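Novice: So I've got this file, structure_0.json, and it contains JSON, C-alpha atoms and all ligand atoms:
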```json
[["chain", "number", "residue", "atom", "x", "y", "z"],
["A", 1, "MET", "CA", -12.83, -9.50, -15.57],
["A", 2, "LYS", "CA", -13.12, -8.48, -11.91],
["A", 3, "ILE", "CA", -10.26, -6.29, -10.69],
["A", 4, "ILE", "CA", -9.87, -5.54, -6.98],
["A", 5, "VAL", "CA", -7.55, -2.77, -5.86],
["A", 6, "CYS", "CA", -6.46, -2.76, -2.22],
["A", 7, "ILE", "CA", -5.89, 0.73, -0.91],
["A", 8, "LYS", "CA", -4.75, 2.05, 2.43],
["A", 9, "GLN", "CA", -5.40, 5.49, 3.89],
["A", 10, "VAL", "CA", -2.17, 6.98, 5.27],
["A", 11, "PRO", "CA", -1.23, 10.24, 7.04],
["A", 12, "ASP", "CA", -0.39, 13.06, 4.61],
["A", 13, "THR", "CA", 2.94, 13.85, 6.19],
["A", 14, "THR", "CA", 6.50, 12.66, 6.33],
["A", 15, "ASP", "CA", 6.59, 13.87, 9.94],
["A", 16, "ILE", "CA", 4.96, 10.75, 11.36],
["A", 17, "LYS", "CA", 4.49, 10.80, 15.14],
["A", 18, "ILE", "CA", 4.49, 7.62, 17.19],
["A", 19, "ASP", "CA", 2.60, 7.09, 20.47],
["A", 20, "PRO", "CA", 5.38, 5.95, 22.84],
["A", 21, "GLU", "CA", 2.89, 3.97, 24.97],
["A", 22, "THR", "CA", 1.34, 1.88, 22.18],
["A", 23, "ASN", "CA", 4.10, 2.14, 19.55],
["A", 24, "ARG", "CA", 1.40, 3.04, 17.04],
["A", 25, "ILE", "CA", 1.18, 5.88, 14.56],
["A", 26, "ILE", "CA", -0.75, 8.91, 15.84],
["A", 27, "ARG", "CA", -3.38, 9.49, 13.15],
["A", 28, "GLU", "CA", -5.56, 12.03, 14.99],
["A", 29, "GLY", "CA", -5.31, 15.57, 13.70],
["A", 30, "VAL", "CA", -3.30, 14.59, 10.62],
["A", 31, "GLU", "CA", -4.86, 14.86, 7.18],
["A", 32, "ALA", "CA", -5.20, 11.51, 5.47],
["A", 33, "ILE", "CA", -4.65, 10.57, 1.83],
["A", 34, "ILE", "CA", -4.70, 7.46, -0.35],
["A", 35, "ASN", "CA", -1.31, 5.76, 0.00],
["A", 36, "PRO", "CA", 0.58, 7.24, -3.00],
["A", 37, "TYR", "CA", 1.58, 3.81, -4.40],
["A", 38, "ASP", "CA", -2.08, 2.81, -4.38],
["A", 39, "THR", "CA", -2.93, 5.64, -6.76],
["A", 40, "TYR", "CA", -0.82, 3.80, -9.37],
["A", 41, "ALA", "CA", -2.72, 0.58, -8.57],
["A", 42, "ILE", "CA", -6.03, 2.41, -9.08],
["A", 43, "GLU", "CA", -4.84, 3.91, -12.38],
["A", 44, "GLU", "CA", -3.70, 0.51, -13.66],
["A", 45, "ALA", "CA", -7.07, -1.05, -12.80],
["A", 46, "LEU", "CA", -8.84, 1.75, -14.72],
["A", 47, "ARG", "CA", -6.55, 1.27, -17.73],
["A", 48, "LEU", "CA", -7.09, -2.51, -17.73],
["A", 49, "LYS", "CA", -10.84, -2.00, -17.60],
["A", 50, "GLU", "CA", -10.67, 0.53, -20.45],
["A", 51, "LYS", "CA", -8.63, -1.89, -22.58],
["A", 52, "TYR", "CA", -10.13, -5.28, -21.71],
["A", 53, "GLY", "CA", -13.49, -4.47, -20.05],
["A", 54, "GLY", "CA", -14.68, -5.63, -16.65],
["A", 55, "GLU", "CA", -15.43, -4.28, -13.21],
["A", 56, "THR", "CA", -13.22, -2.40, -10.76],
["A", 57, "ILE", "CA", -13.57, -2.48, -6.97],
["A", 58, "VAL", "CA", -11.52, -0.73, -4.29],
["A", 59, "LEU", "CA", -11.17, -2.39, -0.91],
["A", 60, "SER", "CA", -9.76, -0.93, 2.26],
["A", 61, "MET", "CA", -9.53, -2.04, 5.86],
["A", 62, "GLY", "CA", -9.40, 0.87, 8.25],
["A", 63, "PRO", "CA", -11.34, 3.20, 10.53],
["A", 64, "PRO", "CA", -14.63, 4.77, 9.30],
["A", 65, "GLN", "CA", -12.64, 7.82, 8.02],
["A", 66, "ALA", "CA", -11.05, 5.54, 5.39],
["A", 67, "GLU", "CA", -14.34, 5.93, 3.49],
["A", 68, "SER", "CA", -12.94, 9.19, 2.07],
["A", 69, "ALA", "CA", -10.07, 7.26, 0.45],
["A", 70, "LEU", "CA", -12.59, 4.96, -1.21],
["A", 71, "ARG", "CA", -14.59, 7.97, -2.43],
["A", 72, "GLY", "CA", -11.35, 9.38, -3.82],
["A", 73, "ALA", "CA", -10.93, 6.20, -5.88],
["A", 74, "LEU", "CA", -14.56, 6.40, -7.08],
["A", 75, "SER", "CA", -13.96, 9.99, -8.22],
["A", 76, "LEU", "CA", -11.26, 8.63, -10.55],
["A", 77, "GLY", "CA", -13.67, 6.14, -12.14],
["A", 78, "ILE", "CA", -13.55, 3.00, -9.96],
["A", 79, "ASP", "CA", -16.96, 1.28, -9.97],
["A", 80, "GLN", "CA", -17.41, 0.26, -6.32],
["A", 81, "GLY", "CA", -15.89, 0.83, -2.88],
["A", 82, "ILE", "CA", -15.88, -1.58, 0.07],
["A", 83, "LEU", "CA", -14.72, -0.63, 3.56],
["A", 84, "LEU", "CA", -13.82, -3.22, 6.20],
["A", 85, "SER", "CA", -14.22, -1.53, 9.53],
["A", 86, "ASP", "CA", -14.79, -3.02, 12.97],
["A", 87, "LYS", "CA", -13.26, -2.71, 16.42],
["A", 88, "ASP", "CA", -12.48, -6.43, 16.07],
["A", 89, "PHE", "CA", -10.01, -5.52, 13.29],
["A", 90, "ALA", "CA", -8.09, -3.07, 15.53],
["A", 91, "GLY", "CA", -4.48, -3.92, 16.33],
["A", 92, "SER", "CA", -4.04, -6.01, 13.16],
["A", 93, "ASP", "CA", -0.49, -6.79, 12.14],
["A", 94, "THR", "CA", 0.26, -7.61, 8.50],
["A", 95, "LEU", "CA", -0.83, -11.26, 8.92],
["A", 96, "ALA", "CA", -4.24, -10.32, 10.35],
["A", 97, "THR", "CA", -4.63, -7.49, 7.81],
["A", 98, "SER", "CA", -3.99, -9.78, 4.85],
["A", 99, "TYR", "CA", -6.21, -12.50, 6.36],
["A", 100, "THR", "CA", -9.10, -10.03, 6.77],
["A", 101, "LEU", "CA", -8.66, -8.57, 3.28],
["A", 102, "GLY", "CA", -8.52, -12.15, 1.96],
["A", 103, "GLN", "CA", -11.85, -13.08, 3.57],
["A", 104, "ALA", "CA", -13.49, -10.04, 1.97],
["A", 105, "ILE", "CA", -11.93, -10.79, -1.42],
["A", 106, "LYS", "CA", -13.22, -14.39, -1.31],
["A", 107, "LYS", "CA", -16.70, -12.96, -0.72],
["A", 108, "ILE", "CA", -16.39, -10.46, -3.61],
["A", 109, "GLY", "CA", -14.84, -12.88, -6.14],
["A", 110, "PHE", "CA", -11.94, -11.75, -8.35],
["A", 111, "ASP", "CA", -9.67, -12.27, -11.34],
["A", 112, "ILE", "CA", -6.87, -9.79, -10.62],
["A", 113, "ILE", "CA", -5.86, -8.08, -7.37],
["A", 114, "ILE", "CA", -3.66, -5.00, -7.54],
["A", 115, "CYS", "CA", -1.80, -3.60, -4.52],
["A", 116, "GLY", "CA", 0.75, -0.83, -4.18],
["A", 117, "LYS", "CA", 4.33, -1.99, -3.65],
["A", 118, "GLU", "CA", 4.22, -0.65, -0.09],
["A", 119, "ALA", "CA", 2.37, 1.71, 2.22],
["A", 120, "MET", "CA", 4.09, 5.01, 3.01],
["A", 121, "ASP", "CA", 3.56, 4.62, 6.78],
["A", 122, "GLY", "CA", 3.94, 0.90, 7.60],
["A", 123, "SER", "CA", 6.19, 0.23, 4.57],
["A", 124, "THR", "CA", 6.57, -3.50, 5.14],
["A", 125, "GLY", "CA", 5.52, -4.40, 1.58],
["A", 126, "GLN", "CA", 4.12, -7.61, 3.07],
["A", 127, "ILE", "CA", 0.38, -7.25, 2.47],
["A", 128, "GLY", "CA", 0.42, -8.07, -1.27],
["A", 129, "PRO", "CA", 2.46, -11.30, -1.00],
["A", 130, "GLU", "CA", 0.71, -12.37, 2.23],
["A", 131, "LEU", "CA", -2.69, -11.78, 0.68],
["A", 132, "ALA", "CA", -1.76, -13.96, -2.31],
["A", 133, "GLU", "CA", -0.66, -16.70, 0.13],
["A", 134, "THR", "CA", -3.94, -16.41, 2.05],
["A", 135, "LEU", "CA", -5.88, -16.85, -1.18],
["A", 136, "GLY", "CA", -3.53, -19.55, -2.55],
["A", 137, "ILE", "CA", -2.88, -17.66, -5.80],
["A", 138, "PRO", "CA", 0.32, -16.59, -7.61],
["A", 139, "HIS", "CA", 1.68, -13.09, -7.12],
["A", 140, "ILE", "CA", 4.20, -10.91, -8.92],
["A", 141, "ALA", "CA", 5.67, -8.00, -6.95],
["A", 142, "TYR", "CA", 7.19, -4.72, -8.23],
["A", 143, "VAL", "CA", 5.32, -4.74, -11.55],
["A", 144, "SER", "CA", 6.35, -1.75, -13.66],
["A", 145, "LYS", "CA", 4.36, -2.62, -16.81],
["A", 146, "VAL", "CA", 1.40, -4.79, -17.74],
["A", 147, "ILE", "CA", 2.41, -6.07, -21.17],
["A", 148, "GLU", "CA", -0.80, -7.89, -22.08],
["A", 149, "ILE", "CA", -3.74, -9.98, -20.97],
["A", 150, "LYS", "CA", -4.54, -12.84, -23.30],
["A", 151, "GLU", "CA", -6.68, -15.92, -22.78],
["A", 152, "LYS", "CA", -6.88, -15.42, -19.02],
["A", 153, "ARG", "CA", -3.11, -15.00, -18.77],
["A", 154, "LEU", "CA", -1.36, -11.90, -17.52],
["A", 155, "LYS", "CA", 2.08, -10.92, -18.86],
["A", 156, "VAL", "CA", 4.02, -8.27, -16.94],
["A", 157, "GLU", "CA", 7.40, -6.64, -16.59],
["A", 158, "ARG", "CA", 8.79, -6.38, -13.10],
["A", 159, "MET", "CA", 11.42, -3.93, -12.00],
["A", 160, "MET", "CA", 14.40, -5.07, -10.00],
["A", 161, "GLU", "CA", 17.27, -2.95, -8.73],
["A", 162, "ASP", "CA", 19.48, -3.35, -11.81],
["A", 163, "HIS", "CA", 17.39, -5.26, -14.34],
["A", 164, "TYR", "CA", 13.86, -6.05, -15.50],
["A", 165, "GLU", "CA", 12.13, -9.44, -15.56],
["A", 166, "ILE", "CA", 9.19, -10.60, -17.68],
["A", 167, "PHE", "CA", 6.64, -12.90, -16.04],
["A", 168, "GLU", "CA", 3.46, -14.57, -17.15],
["A", 169, "THR", "CA", 0.80, -16.05, -14.90],
["A", 170, "SER", "CA", -2.68, -17.47, -15.20],
["A", 171, "PHE", "CA", -5.69, -15.86, -13.47],
["A", 172, "PRO", "CA", -6.53, -15.35, -10.70],
["A", 173, "ALA", "CA", -3.37, -13.53, -9.66],
["A", 174, "LEU", "CA", -2.12, -10.64, -7.57],
["A", 175, "ILE", "CA", 0.37, -7.97, -8.58],
["A", 176, "THR", "CA", 1.98, -5.18, -6.61],
["A", 177, "VAL", "CA", 2.91, -2.12, -8.64],
["A", 178, "THR", "CA", 5.68, 0.47, -8.65],
["A", 179, "LYS", "CA", 5.29, 4.15, -9.53],
["A", 180, "GLU", "CA", 6.93, 3.54, -12.91],
["A", 181, "ILE", "CA", 3.84, 1.68, -14.16],
["A", 182, "ASN", "CA", 1.77, 4.73, -15.18],
["A", 183, "GLU", "CA", 0.87, 8.31, -14.48],
["A", 184, "PRO", "CA", -2.28, 8.51, -12.34],
["A", 185, "ARG", "CA", -5.10, 10.66, -13.72],
["A", 186, "LEU", "CA", -6.80, 13.49, -11.82],
["A", 187, "PRO", "CA", -10.47, 13.25, -10.87],
["A", 188, "SER", "CA", -12.98, 14.88, -13.20],
["A", 189, "LEU", "CA", -15.75, 17.16, -11.91],
["A", 190, "ARG", "CA", -18.31, 14.50, -12.94],
["A", 191, "GLY", "CA", -16.31, 11.85, -11.11],
["A", 192, "THR", "CA", -16.12, 13.96, -7.96],
["A", 193, "LEU", "CA", -19.88, 14.57, -7.97],
["A", 194, "ARG", "CA", -20.57, 10.87, -8.56],
["A", 195, "ALA", "CA", -18.18, 9.85, -5.76],
["A", 196, "LYS", "CA", -20.05, 12.07, -3.29],
["A", 197, "LYS", "CA", -23.36, 10.33, -3.99],
["A", 198, "GLU", "CA", -22.24, 6.74, -4.46],
["A", 199, "LYS", "CA", -22.90, 4.21, -1.68],
["A", 200, "ILE", "CA", -19.84, 2.70, -0.03],
["A", 201, "THR", "CA", -20.41, -0.89, 1.11],
["A", 202, "ALA", "CA", -19.36, -1.36, 4.74],
["A", 203, "TRP", "CA", -18.55, -4.80, 6.13],
["A", 204, "ASN", "CA", -17.70, -5.69, 9.71],
["A", 205, "ALA", "CA", -16.32, -8.92, 11.17],
["A", 206, "SER", "CA", -19.71, -10.65, 11.18],
["A", 207, "ASP", "CA", -20.12, -9.98, 7.44],
["A", 208, "LEU", "CA", -17.01, -12.05, 6.75],
["A", 209, "LYS", "CA", -16.52, -15.79, 6.99],
["A", 210, "GLY", "CA", -13.27, -16.95, 8.51],
["A", 211, "GLU", "CA", -12.00, -17.65, 11.98],
["A", 212, "LYS", "CA", -12.79, -14.68, 14.22],
["A", 213, "GLU", "CA", -9.66, -15.29, 16.32],
["A", 214, "ARG", "CA", -7.56, -14.53, 13.24],
["A", 215, "PHE", "CA", -8.87, -10.94, 13.05],
["A", 216, "GLY", "CA", -7.33, -7.94, 14.80],
["A", 217, "ALA", "CA", -4.99, -8.14, 17.78],
["A", 218, "ASP", "CA", -6.00, -11.78, 18.50],
["A", 219, "GLY", "CA", -4.79, -12.87, 15.06],
["A", 220, "SER", "CA", -1.58, -10.81, 15.22],
["A", 221, "PRO", "CA", 1.54, -12.68, 16.27],
["A", 222, "THR", "CA", 3.79, -9.66, 15.60],
["A", 223, "TRP", "CA", 4.46, -7.32, 18.50],
["A", 224, "VAL", "CA", 6.11, -3.97, 17.94],
["A", 225, "ILE", "CA", 8.66, -3.71, 20.77],
["A", 226, "LYS", "CA", 9.85, -0.21, 20.04],
["A", 227, "VAL", "CA", 9.43, 2.42, 17.35],
["A", 228, "PHE", "CA", 11.94, 5.26, 17.14],
["A", 229, "ARG", "CA", 13.25, 7.86, 14.75],
["A", 230, "PRO", "CA", 16.72, 7.33, 13.31],
["A", 231, "GLU", "CA", 19.29, 9.77, 14.66],
["A", 232, "VAL", "CA", 19.57, 12.83, 12.43],
["A", 233, "ARG", "CA", 23.01, 12.74, 10.85],
["A", 234, "LYS", "CA", 25.15, 15.88, 11.04],
["A", 235, "GLN", "CA", 25.20, 17.93, 7.89],
["A", 236, "GLY", "CA", 28.15, 17.16, 5.61],
["A", 237, "ILE", "CA", 30.83, 19.65, 4.56],
["A", 238, "ILE", "CA", 31.30, 20.45, 0.88],
["A", 239, "LEU", "CA", 34.90, 21.20, 0.03],
["A", 240, "GLU", "CA", 35.43, 23.45, -2.96],
["A", 241, "GLY", "CA", 38.43, 24.30, -5.12],
["A", 242, "ASN", "CA", 40.75, 22.42, -7.45],
["A", 243, "VAL", "CA", 41.99, 18.91, -6.66],
["A", 244, "SER", "CA", 45.03, 19.95, -4.62],
["A", 245, "GLU", "CA", 43.07, 22.64, -2.71],
["A", 246, "ILE", "CA", 40.34, 20.10, -1.88],
["A", 247, "ALA", "CA", 42.98, 17.54, -0.80],
["A", 248, "ASP", "CA", 44.57, 20.18, 1.43],
["A", 249, "LYS", "CA", 41.24, 21.23, 2.98],
["A", 250, "LEU", "CA", 40.32, 17.57, 3.53],
["A", 251, "TYR", "CA", 43.66, 16.97, 5.27],
["A", 252, "GLN", "CA", 43.14, 20.02, 7.54],
["A", 253, "GLU", "CA", 39.56, 18.97, 8.35],
["A", 254, "LEU", "CA", 40.53, 15.41, 9.24],
["A", 255, "LYS", "CA", 43.34, 16.75, 11.42],
["A", 256, "LYS", "CA", 40.95, 19.19, 13.13],
["A", 257, "GLN", "CA", 38.61, 16.31, 13.96],
["A", 258, "ASN", "CA", 41.52, 14.23, 15.32],
["A", 259, "ILE", "CA", 41.00, 11.59, 12.65],
["A", 260, "LEU", "CA", 44.58, 11.89, 11.43],
["A", 301, "LIG", "C1", 1.46, -5.66, 16.27],
["A", 301, "LIG", "C2", 0.92, -4.66, 15.30],
["A", 301, "LIG", "C3", -0.21, -3.95, 15.64],
["A", 301, "LIG", "C4", -0.71, -3.03, 14.78],
["A", 301, "LIG", "N1", -1.80, -2.34, 15.14],
["A", 301, "LIG", "C5", -2.32, -1.42, 14.33],
["A", 301, "LIG", "C6", -3.47, -0.65, 14.69],
["A", 301, "LIG", "O1", -4.04, -0.82, 15.76],
["A", 301, "LIG", "N2", -3.92, 0.29, 13.80],
["A", 301, "LIG", "C7", -3.30, 0.49, 12.59],
["A", 301, "LIG", "O2", -3.76, 1.34, 11.83],
["A", 301, "LIG", "N3", -2.23, -0.22, 12.23],
["A", 301, "LIG", "C8", -1.71, -1.16, 13.06],
["A", 301, "LIG", "N4", -0.63, -1.85, 12.69],
["A", 301, "LIG", "C9", -0.06, -1.62, 11.37],
["A", 301, "LIG", "C10", -0.74, -2.54, 10.38],
["A", 301, "LIG", "O3", -0.44, -3.87, 10.65],
["A", 301, "LIG", "C11", -0.26, -2.21, 9.00],
["A", 301, "LIG", "O4", -0.56, -0.87, 8.75],
["A", 301, "LIG", "C12", -0.95, -3.05, 7.94],
["A", 301, "LIG", "O5", -0.85, -4.42, 8.22],
["A", 301, "LIG", "C13", -0.38, -2.79, 6.57],
["A", 301, "LIG", "O6", 1.01, -2.98, 6.58],
["A", 301, "LIG", "P1", 1.91, -1.95, 5.85],
["A", 301, "LIG", "O7", 1.50, -0.59, 6.27],
["A", 301, "LIG", "O8", 3.33, -2.36, 6.05],
["A", 301, "LIG", "O9", 1.48, -2.14, 4.32],
["A", 301, "LIG", "P2", 2.33, -2.68, 3.09],
["A", 301, "LIG", "O10", 2.44, -4.15, 3.16],
["A", 301, "LIG", "O11", 3.59, -1.88, 2.92],
["A", 301, "LIG", "O12", 1.29, -2.26, 1.95],
["A", 301, "LIG", "C14", 1.36, -2.81, 0.64],
["A", 301, "LIG", "C15", 0.03, -2.64, -0.05],
["A", 301, "LIG", "O13", -0.97, -3.42, 0.60],
["A", 301, "LIG", "C16", -2.23, -2.78, 0.54],
["A", 301, "LIG", "N5", -2.69, -2.47, 1.91],
["A", 301, "LIG", "C17", -1.96, -2.26, 3.02],
["A", 301, "LIG", "N6", -2.76, -2.04, 4.09],
["A", 301, "LIG", "C18", -4.03, -2.10, 3.63],
["A", 301, "LIG", "C19", -5.31, -1.93, 4.23],
["A", 301, "LIG", "N7", -5.44, -1.66, 5.53],
["A", 301, "LIG", "N8", -6.41, -2.04, 3.45],
["A", 301, "LIG", "C20", -6.30, -2.31, 2.12],
["A", 301, "LIG", "N9", -5.11, -2.48, 1.50],
["A", 301, "LIG", "C21", -4.00, -2.38, 2.23],
["A", 301, "LIG", "C22", -2.01, -1.51, -0.29],
["A", 301, "LIG", "O14", -2.23, -1.82, -1.65],
["A", 301, "LIG", "C23", -0.53, -1.22, -0.05],
["A", 301, "LIG", "O15", 0.05, -0.45, -1.09],
["A", 301, "LIG", "C24", -0.09, -2.78, 13.53],
["A", 301, "LIG", "C25", 1.06, -3.50, 13.19],
["A", 301, "LIG", "C26", 1.57, -4.42, 14.05],
["A", 301, "LIG", "C27", 2.82, -5.17, 13.65]]
```
Could you render the structure from this file as structure tokens?
Specialist:
Amino acid sequence: MKIIVCIKQVPDTTDIKIDPETNRIIREGVEAIINPYDTYAIEEALRLKEKYGGETIVLSMGPPQAESALRGALSLGIDQGILLSDKDFAGSDTLATSYTLGQAIKKIGFDIIICGKEAMDGSTGQIGPELAETLGIPHIAYVSKVIEIKEKRLKVERMMEDHYEIFETSFPALITVTKEINEPRLPSLRGTLRAKKEKITAWNASDLKGEKERFGADGSPTWVIKVFRPEVRKQGIILEGNVSEIADKLYQELKKQNIL
């Protein structure tokens, strides 16, 4: 069984800064980490390998620095890391990103693809489903438990807002996972040493088949018009006391603010 985990390197901050000229995230000078949801995807791949056997591969499209995210995954026990990096991939929207990842995945071969439910910076949650469409395979999003794999069929539980659903699909298939699925392990010393030495495979646009005009900015029909921070809401007031005191304070406050 060949399991591919798609991981994205994201800035390690909630204080994301946007370049007003390009409407893109400023990544320079900010420490980068593996997208937190992808750590659950990595852990699930490791658990599936431990239970059912097979091979695990992490794949990331990003700048050369994204190699450290792949090494991070190797330190946890993933077998192989592949980085897709090329100036031709720059400016990719979600369509071009999933197309590029799809071309690499066709080259690798696969049974199961695991993605995080969303990336902490872009947060569209589109890559998993779009990637499945690109490859023409079924996908199940928001998986919170892999129930079993039997005779090349995958049975999972998926988490919705107020209920759970059980799905079954044949291979090959793609799932996106939530943080409820497992508790990611920490790297071992042996794993960290191995990850430092291991070779990361690097592919550029010419290593992939596919239509070159579908990579990067050329293959990206989405244009970000404007990116802005939501207005910070004023802090609320907590009224204390018994019910009638609170009612009285609320009345006074509303009056003070000319609402009554
Ligand atoms: C017009 C436009 C131009 C853009 N230009 C740039 C640019 O120049 N540089 C730039 O960095 N971003 C750029 N972006 C953002 C880029 O498109 C997204 O970061 C990317 O497509 C992933 O989308 P997301 O962050 O919403 O991921 P989501 O869909 O929320 O991610 C879900 C899951 O998909 C997988 N995944 C996501 N991204 C990757 C990846 N790169 N490699 C492997 N797996 C992945 C992970 O498993 C992740 O958990 C641009 C976006 C637009 C719309």
Novice: One decimal, in Å: what's the spacing between atom O10 of ligand LIG 301 (chain A) and CA of Ile113 (chain A)?
Specialist: 14.0 Å
Novice: Show me which residues sit within 6 Å of ligand LIG 301 (chain A) when counting only C-alpha atoms and all ligand atoms, and put them as a PDB file with C-alpha atoms, in the frame of the given file.
Specialist:
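File selection.pdb, as written:
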```
ATOM      1  CA  CYS A   6      -6.460  -2.760  -2.220  1.00  0.00           C
ATOM      2  CA  ILE A   7      -5.890   0.730  -0.910  1.00  0.00           C
ATOM      3  CA  LYS A   8      -4.750   2.050   2.430  1.00  0.00           C
ATOM      4  CA  TYR A  37       1.580   3.810  -4.400  1.00  0.00           C
ATOM      5  CA  ASP A  38      -2.080   2.810  -4.380  1.00  0.00           C
ATOM      6  CA  LEU A  59     -11.170  -2.390  -0.910  1.00  0.00           C
ATOM      7  CA  SER A  60      -9.760  -0.930   2.260  1.00  0.00           C
ATOM      8  CA  MET A  61      -9.530  -2.040   5.860  1.00  0.00           C
ATOM      9  CA  GLY A  62      -9.400   0.870   8.250  1.00  0.00           C
ATOM     10  CA  ALA A  90      -8.090  -3.070  15.530  1.00  0.00           C
ATOM     11  CA  GLY A  91      -4.480  -3.920  16.330  1.00  0.00           C
ATOM     12  CA  SER A  92      -4.040  -6.010  13.160  1.00  0.00           C
ATOM     13  CA  ASP A  93      -0.490  -6.790  12.140  1.00  0.00           C
ATOM     14  CA  THR A  94       0.260  -7.610   8.500  1.00  0.00           C
ATOM     15  CA  THR A  97      -4.630  -7.490   7.810  1.00  0.00           C
ATOM     16  CA  CYS A 115      -1.800  -3.600  -4.520  1.00  0.00           C
ATOM     17  CA  GLY A 116       0.750  -0.830  -4.180  1.00  0.00           C
ATOM     18  CA  LYS A 117       4.330  -1.990  -3.650  1.00  0.00           C
ATOM     19  CA  GLU A 118       4.220  -0.650  -0.090  1.00  0.00           C
ATOM     20  CA  ALA A 119       2.370   1.710   2.220  1.00  0.00           C
ATOM     21  CA  ASP A 121       3.560   4.620   6.780  1.00  0.00           C
ATOM     22  CA  GLY A 122       3.940   0.900   7.600  1.00  0.00           C
ATOM     23  CA  SER A 123       6.190   0.230   4.570  1.00  0.00           C
ATOM     24  CA  THR A 124       6.570  -3.500   5.140  1.00  0.00           C
ATOM     25  CA  GLY A 125       5.520  -4.400   1.580  1.00  0.00           C
ATOM     26  CA  GLN A 126       4.120  -7.610   3.070  1.00  0.00           C
ATOM     27  CA  ILE A 127       0.380  -7.250   2.470  1.00  0.00           C
ATOM     28  CA  GLY A 128       0.420  -8.070  -1.270  1.00  0.00           C
ATOM     29  CA  THR A 222       3.790  -9.660  15.600  1.00  0.00           C
ATOM     30  CA  TRP A 223       4.460  -7.320  18.500  1.00  0.00           C
ATOM     31  CA  VAL A 224       6.110  -3.970  17.940  1.00  0.00           C
TER      32      VAL A 224
END
```
Novice: Given the choices A:Ala173, A:Val243, A:Leu154, A:Met160, which gets closest to Pro129 (chain A) if the distance is worked out from all atoms listed in the file?
Specialist: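 Among the listed residues, A:Ala173 lies closest to Pro129 (chain A).
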Novice: Within 10 Å of Leu174 (chain A), counting only C-alpha atoms, which residues qualify if same-chain residues fewer than 4 places away don't, as a PyMOL selection string?
Specialist: chain A and resi 3-5+110-115+128-129+131-133+135+137-141+169
Novice: Do a neighbour search on region 29-31 of chain A at 9 Å with all atoms listed in the file, toss out local chain neighbours closer than 2 positions, and write the hits as a ChimeraX atom specification.
Specialist: /A:10-13,26-27,33
Novice: Residues as selected, C-alpha atoms, written as a PDB file, in the coordinates of the input, can you do that?
Specialist:
```pdb
ATOM      1  CA  VAL A  10      -2.170   6.980   5.270  1.00  0.00           C
ATOM      2  CA  PRO A  11      -1.230  10.240   7.040  1.00  0.00           C
ATOM      3  CA  ASP A  12      -0.390  13.060   4.610  1.00  0.00           C
ATOM      4  CA  THR A  13       2.940  13.850   6.190  1.00  0.00           C
ATOM      5  CA  ILE A  26      -0.750   8.910  15.840  1.00  0.00           C
ATOM      6  CA  ARG A  27      -3.380   9.490  13.150  1.00  0.00           C
ATOM      7  CA  ILE A  33      -4.650  10.570   1.830  1.00  0.00           C
TER       8      ILE A  33
END
```
Novice: What's the separation between CA of Leu48 (chain A) and CA of Met1 (chain A), in Å to one decimal place?
Specialist: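 Computing the Euclidean distance for CA of Leu48 (chain A) and CA of Met1 (chain A) yields 9.3 Å.
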Novice: Would you list the contacts of Ala202 (chain A) as number ranges by chain, taking every protein, DNA or RNA residue within 8 Å and counting only C-alpha atoms, but skipping same-chain residues closer than 4 positions in sequence?
Specialist: A: 82-85
Novice: For Glu183 (chain A), which residue out of A:Arg229, A:Leu74, A:Ser144, A:Ile259 is the nearest one, using all atoms listed in the file?
Specialist: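 Nearest candidate to Glu183 (chain A) out of A:Arg229, A:Leu74, A:Ser144, A:Ile259: A:Ser144.
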Novice: Out of A:Glu21, A:Pro63, A:Ser170, A:Ser68, which residue has the shortest atom-to-atom distance to Lys155 (chain A) when counting all atoms listed in the file?
Specialist: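 Smallest distance to Lys155 (chain A) is found for A:Ser170.
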Novice: Any idea what the distance is between CA of Asn204 (chain A) and CA of Ile175 (chain A)?
Specialist: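 Separation between CA of Asn204 (chain A) and CA of Ile175 (chain A): 25.8 Å.
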Novice: Check which residues of region 50-166 of chain A sit at most 9 Å from region 184-191 of chain A using all atoms listed in the file, and return one row each with the closest pair of atoms and their distance in Å to one decimal, ordered by chain and rising number, as JSON lines.
Specialist:
```
{"residue": "A:Gly72", "atom": "CA", "partner": "A:Pro187", "partner_atom": "CA", "distance": 8.1}
{"residue": "A:Ala73", "atom": "CA", "partner": "A:Pro187", "partner_atom": "CA", "distance": 8.6}
{"residue": "A:Leu74", "atom": "CA", "partner": "A:Gly191", "partner_atom": "CA", "distance": 7.0}
{"residue": "A:Ser75", "atom": "CA", "partner": "A:Gly191", "partner_atom": "CA", "distance": 4.2}
{"residue": "A:Leu76", "atom": "CA", "partner": "A:Pro187", "partner_atom": "CA", "distance": 4.7}
{"residue": "A:Gly77", "atom": "CA", "partner": "A:Gly191", "partner_atom": "CA", "distance": 6.4}
```
Novice: Counting all atoms listed in the file, which of A:Ala195, A:Ile166, A:Ala66, A:Leu208 gets nearest to Val146 (chain A)?
Specialist: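 Among the listed residues, A:Ile166 lies closest to Val146 (chain A).
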Novice: When you count only C-alpha atoms, which of these residues is closest to Glu211 (chain A): A:Gln252, A:Thr100, A:Thr22, A:Asn182?
Specialist: A:Thr100
Novice: Could you tell me which of A:Thr192, A:Glu161, A:Ile200, A:Phe171 comes closest to Ile57 (chain A) if we count all atoms listed in the file?
Specialist: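 Among A:Thr192, A:Glu161, A:Ile200, A:Phe171, it is A:Ile200 that comes nearest to Ile57 (chain A).
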Novice: Please write region 72-80 of chain A of the preceding block to a file containing C-alpha atoms, as a CSV table (one decimal), in the first residue's frame?
Specialist:
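Final file, decode-v9.csv:
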```
chain,number,residue,atom,x,y,z
A,72,GLY,CA,10.4,17.0,9.9
A,73,ALA,CA,8.1,14.4,8.5
A,74,LEU,CA,11.0,12.0,7.9
A,75,SER,CA,12.1,12.5,11.5
A,76,LEU,CA,8.7,11.1,12.6
A,77,GLY,CA,9.2,7.9,10.5
A,78,ILE,CA,7.9,8.8,7.0
A,79,ASP,CA,9.9,6.8,4.4
A,80,GLN,CA,10.5,9.4,1.6
```
